[in-house]
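Input: a single structure, listed below in structure tokens.
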Amino acid sequence: MLVIYTAKIVSIDNNDEDDLSINIDGCVLRCFCAYTPYDIVEGEVYNVEMSLFFNDDIDMNISSKSVGVYNVSYYKHLIVGHCVNGCVCSGIKFCDEYFKSWFGMYDGKLVEIVVDRIDLVFL
């Protein structure tokens, strides 16, 4: 499922221009820039696609935590939200092609999932 987000660039790492912090609807995420066809500038707003990267198996569990996206370390994030039709809605709608087929039993429930990296593609 393709979701296009409007992201404001909060910061670009001085040593690695692919290391970005972005703000989407008040939620700040540290992401990896997988592709951009142009130079990006701090403080500017861009349309992006996000994809979730997992080093190992995807593990989704029922949660009792507050809805939100929490930075665990570097690029790693804990996403807590409601599972709806293959997406985890945490204020930001995170969709993955495997969520619906692998985790359909969690539809309508509050879940958490750890993502190793969020990749950005600038449109």
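Scheme for the structure tokens: letters A, B, ... for chains in order shown; per-chain residue numbers from 1; ligand numbers from 1 in order shown.
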Item to check | All strand (DSSP E) positions in segment 3-122 of chain A, as number ranges by chain | outcome: A: 4-12, 19-24, 27-35, 45-53, 60-62, 68-73, 76-84, 87-89, 93-95, 110-115, 117-122
May I have the selected residues written with C-alpha atoms, as a PDB file, in the first residue's frame?
ATOM      1  CA  ILE A   4       2.724   9.547   0.656  1.00  0.00           C
ATOM      2  CA  TYR A   5       3.704  11.670   3.633  1.00  0.00           C
ATOM      3  CA  THR A   6       4.552  15.355   3.974  1.00  0.00           C
ATOM      4  CA  ALA A   7       7.797  15.544   5.944  1.00  0.00           C
ATOM      5  CA  LYS A   8       9.700  18.538   7.279  1.00  0.00           C
ATOM      6  CA  ILE A   9      13.460  18.065   7.526  1.00  0.00           C
ATOM      7  CA  VAL A  10      14.446  18.691  11.148  1.00  0.00           C
ATOM      8  CA  SER A  11      18.139  17.885  10.740  1.00  0.00           C
ATOM      9  CA  ILE A  12      20.692  16.355   8.409  1.00  0.00           C
ATOM     10  CA  ASP A  19      21.002  10.310   8.157  1.00  0.00           C
ATOM     11  CA  LEU A  20      17.935  12.530   8.607  1.00  0.00           C
ATOM     12  CA  SER A  21      15.516  13.549  11.306  1.00  0.00           C
ATOM     13  CA  ILE A  22      12.084  14.403   9.949  1.00  0.00           C
ATOM     14  CA  ASN A  23       8.810  15.653  11.392  1.00  0.00           C
ATOM     15  CA  ILE A  24       5.534  14.207  10.177  1.00  0.00           C
ATOM     16  CA  CYS A  27       6.198  13.068  15.261  1.00  0.00           C
ATOM     17  CA  VAL A  28       9.988  13.249  14.878  1.00  0.00           C
ATOM     18  CA  LEU A  29      11.651  10.216  13.284  1.00  0.00           C
ATOM     19  CA  ARG A  30      15.284   9.426  12.578  1.00  0.00           C
ATOM     20  CA  CYS A  31      15.419   7.918   9.102  1.00  0.00           C
ATOM     21  CA  PHE A  32      17.745   6.752   6.369  1.00  0.00           C
ATOM     22  CA  CYS A  33      17.512   8.536   3.013  1.00  0.00           C
ATOM     23  CA  ALA A  34      17.318   5.683   0.508  1.00  0.00           C
ATOM     24  CA  TYR A  35      16.774   7.952  -2.506  1.00  0.00           C
ATOM     25  CA  VAL A  45       8.997  20.290   3.476  1.00  0.00           C
ATOM     26  CA  TYR A  46       8.959  17.385   1.010  1.00  0.00           C
ATOM     27  CA  ASN A  47       6.698  14.554  -0.109  1.00  0.00           C
ATOM     28  CA  VAL A  48       8.177  11.185   0.827  1.00  0.00           C
ATOM     29  CA  GLU A  49       7.402   7.497   0.893  1.00  0.00           C
ATOM     30  CA  MET A  50       8.516   5.461   3.890  1.00  0.00           C
ATOM     31  CA  SER A  51       9.386   1.802   3.984  1.00  0.00           C
ATOM     32  CA  LEU A  52      10.137  -0.249   7.043  1.00  0.00           C
ATOM     33  CA  PHE A  53      13.351  -2.285   7.215  1.00  0.00           C
ATOM     34  CA  MET A  60       4.199  -7.829  16.123  1.00  0.00           C
ATOM     35  CA  ASN A  61       2.693  -8.136  19.606  1.00  0.00           C
ATOM     36  CA  ILE A  62      -0.306  -6.898  21.569  1.00  0.00           C
ATOM     37  CA  GLY A  68       3.193   6.675  19.404  1.00  0.00           C
ATOM     38  CA  VAL A  69       6.537   6.194  17.728  1.00  0.00           C
ATOM     39  CA  TYR A  70       9.536   5.930  20.043  1.00  0.00           C
ATOM     40  CA  ASN A  71      13.193   6.058  19.051  1.00  0.00           C
ATOM     41  CA  VAL A  72      14.894   3.049  20.624  1.00  0.00           C
ATOM     42  CA  SER A  73      18.415   3.612  19.306  1.00  0.00           C
ATOM     43  CA  LYS A  76      15.518   1.694  15.464  1.00  0.00           C
ATOM     44  CA  HIS A  77      11.962   2.667  16.453  1.00  0.00           C
ATOM     45  CA  LEU A  78       9.184   1.113  18.505  1.00  0.00           C
ATOM     46  CA  ILE A  79       5.853   1.746  16.787  1.00  0.00           C
ATOM     47  CA  VAL A  80       2.740   1.424  18.954  1.00  0.00           C
ATOM     48  CA  GLY A  81      -0.635   1.795  17.299  1.00  0.00           C
ATOM     49  CA  HIS A  82      -3.850   0.192  16.202  1.00  0.00           C
ATOM     50  CA  CYS A  83      -3.592  -2.484  13.545  1.00  0.00           C
ATOM     51  CA  VAL A  84      -6.111  -1.626  10.828  1.00  0.00           C
ATOM     52  CA  CYS A  87      -1.411  -0.857   8.681  1.00  0.00           C
ATOM     53  CA  VAL A  88      -0.245   0.195  12.134  1.00  0.00           C
ATOM     54  CA  CYS A  89      -1.793   3.571  12.916  1.00  0.00           C
ATOM     55  CA  LYS A  93       0.041   5.309   9.265  1.00  0.00           C
ATOM     56  CA  PHE A  94       2.727   2.634   8.729  1.00  0.00           C
ATOM     57  CA  CYS A  95       1.844   0.058   6.100  1.00  0.00           C
ATOM     58  CA  LEU A 110      -3.373  -2.135  19.898  1.00  0.00           C
ATOM     59  CA  VAL A 111      -0.020  -3.557  18.810  1.00  0.00           C
ATOM     60  CA  GLU A 112       3.676  -2.798  18.939  1.00  0.00           C
ATOM     61  CA  ILE A 113       6.398  -3.555  16.464  1.00  0.00           C
ATOM     62  CA  VAL A 114      10.128  -2.830  16.478  1.00  0.00           C
ATOM     63  CA  VAL A 115      11.514  -1.516  13.192  1.00  0.00           C
ATOM     64  CA  ARG A 117      15.215   1.319  10.169  1.00  0.00           C
ATOM     65  CA  ILE A 118      12.764   3.596   8.389  1.00  0.00           C
ATOM     66  CA  ASP A 119      13.869   4.289   4.815  1.00  0.00           C
ATOM     67  CA  LEU A 120      12.776   7.427   2.965  1.00  0.00           C
ATOM     68  CA  VAL A 121      12.284   7.956  -0.742  1.00  0.00           C
ATOM     69  CA  PHE A 122      11.844  11.585  -1.739  1.00  0.00           C
TER      70      PHE A 122
END
Item to check | Spatial neighbours of Glu97 of chain A, 9 Å, only C-alpha atoms, chain gap at least 2 places, as a PyMOL selection string | outcome: chain A and resi 1+86-87+95+99-101
Checklist entry - Where in chain A does DSSP assign helix (DSSP H, G or I), given as a ChimeraX atom specification? => result /A:97-106
Please dump the current selection as a CSV table (one decimal), in the first residue's frame; keep N, CA, C and O atoms.
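This is the output file out-v6.csv:
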chain,number,residue,atom,x,y,z
A,97,GLU,N,3.5,-4.6,3.3
A,97,GLU,CA,2.8,-5.7,2.5
A,97,GLU,C,2.6,-6.9,3.3
A,97,GLU,O,1.6,-7.7,3.1
A,98,TYR,N,3.4,-7.2,4.3
A,98,TYR,CA,3.3,-8.4,5.1
A,98,TYR,C,2.4,-8.3,6.3
A,98,TYR,O,1.9,-9.3,6.8
A,99,PHE,N,2.1,-7.1,6.8
A,99,PHE,CA,1.3,-6.9,8.0
A,99,PHE,C,-0.1,-7.6,7.8
A,99,PHE,O,-0.5,-8.3,8.7
A,100,LYS,N,-0.7,-7.4,6.7
A,100,LYS,CA,-2.1,-7.9,6.6
A,100,LYS,C,-2.1,-9.4,6.5
A,100,LYS,O,-2.9,-10.1,7.1
A,101,SER,N,-1.2,-10.0,5.7
A,101,SER,CA,-1.1,-11.4,5.5
A,101,SER,C,-0.6,-12.2,6.8
A,101,SER,O,-1.1,-13.3,7.1
A,102,TRP,N,0.4,-11.6,7.4
A,102,TRP,CA,1.0,-12.3,8.6
A,102,TRP,C,0.3,-12.0,9.9
A,102,TRP,O,0.4,-12.8,10.8
A,103,PHE,N,-0.2,-10.8,10.0
A,103,PHE,CA,-0.7,-10.3,11.3
A,103,PHE,C,-2.2,-9.9,11.3
A,103,PHE,O,-2.6,-9.1,12.1
A,104,GLY,N,-3.0,-10.5,10.4
A,104,GLY,CA,-4.4,-10.2,10.3
A,104,GLY,C,-5.2,-10.4,11.5
A,104,GLY,O,-6.2,-9.8,11.8
A,105,MET,N,-4.7,-11.4,12.4
A,105,MET,CA,-5.4,-11.7,13.6
A,105,MET,C,-5.3,-10.6,14.6
A,105,MET,O,-6.1,-10.5,15.6
A,106,TYR,N,-4.5,-9.6,14.4
A,106,TYR,CA,-4.3,-8.4,15.3
A,106,TYR,C,-5.2,-7.2,14.8
A,106,TYR,O,-5.2,-6.2,15.4
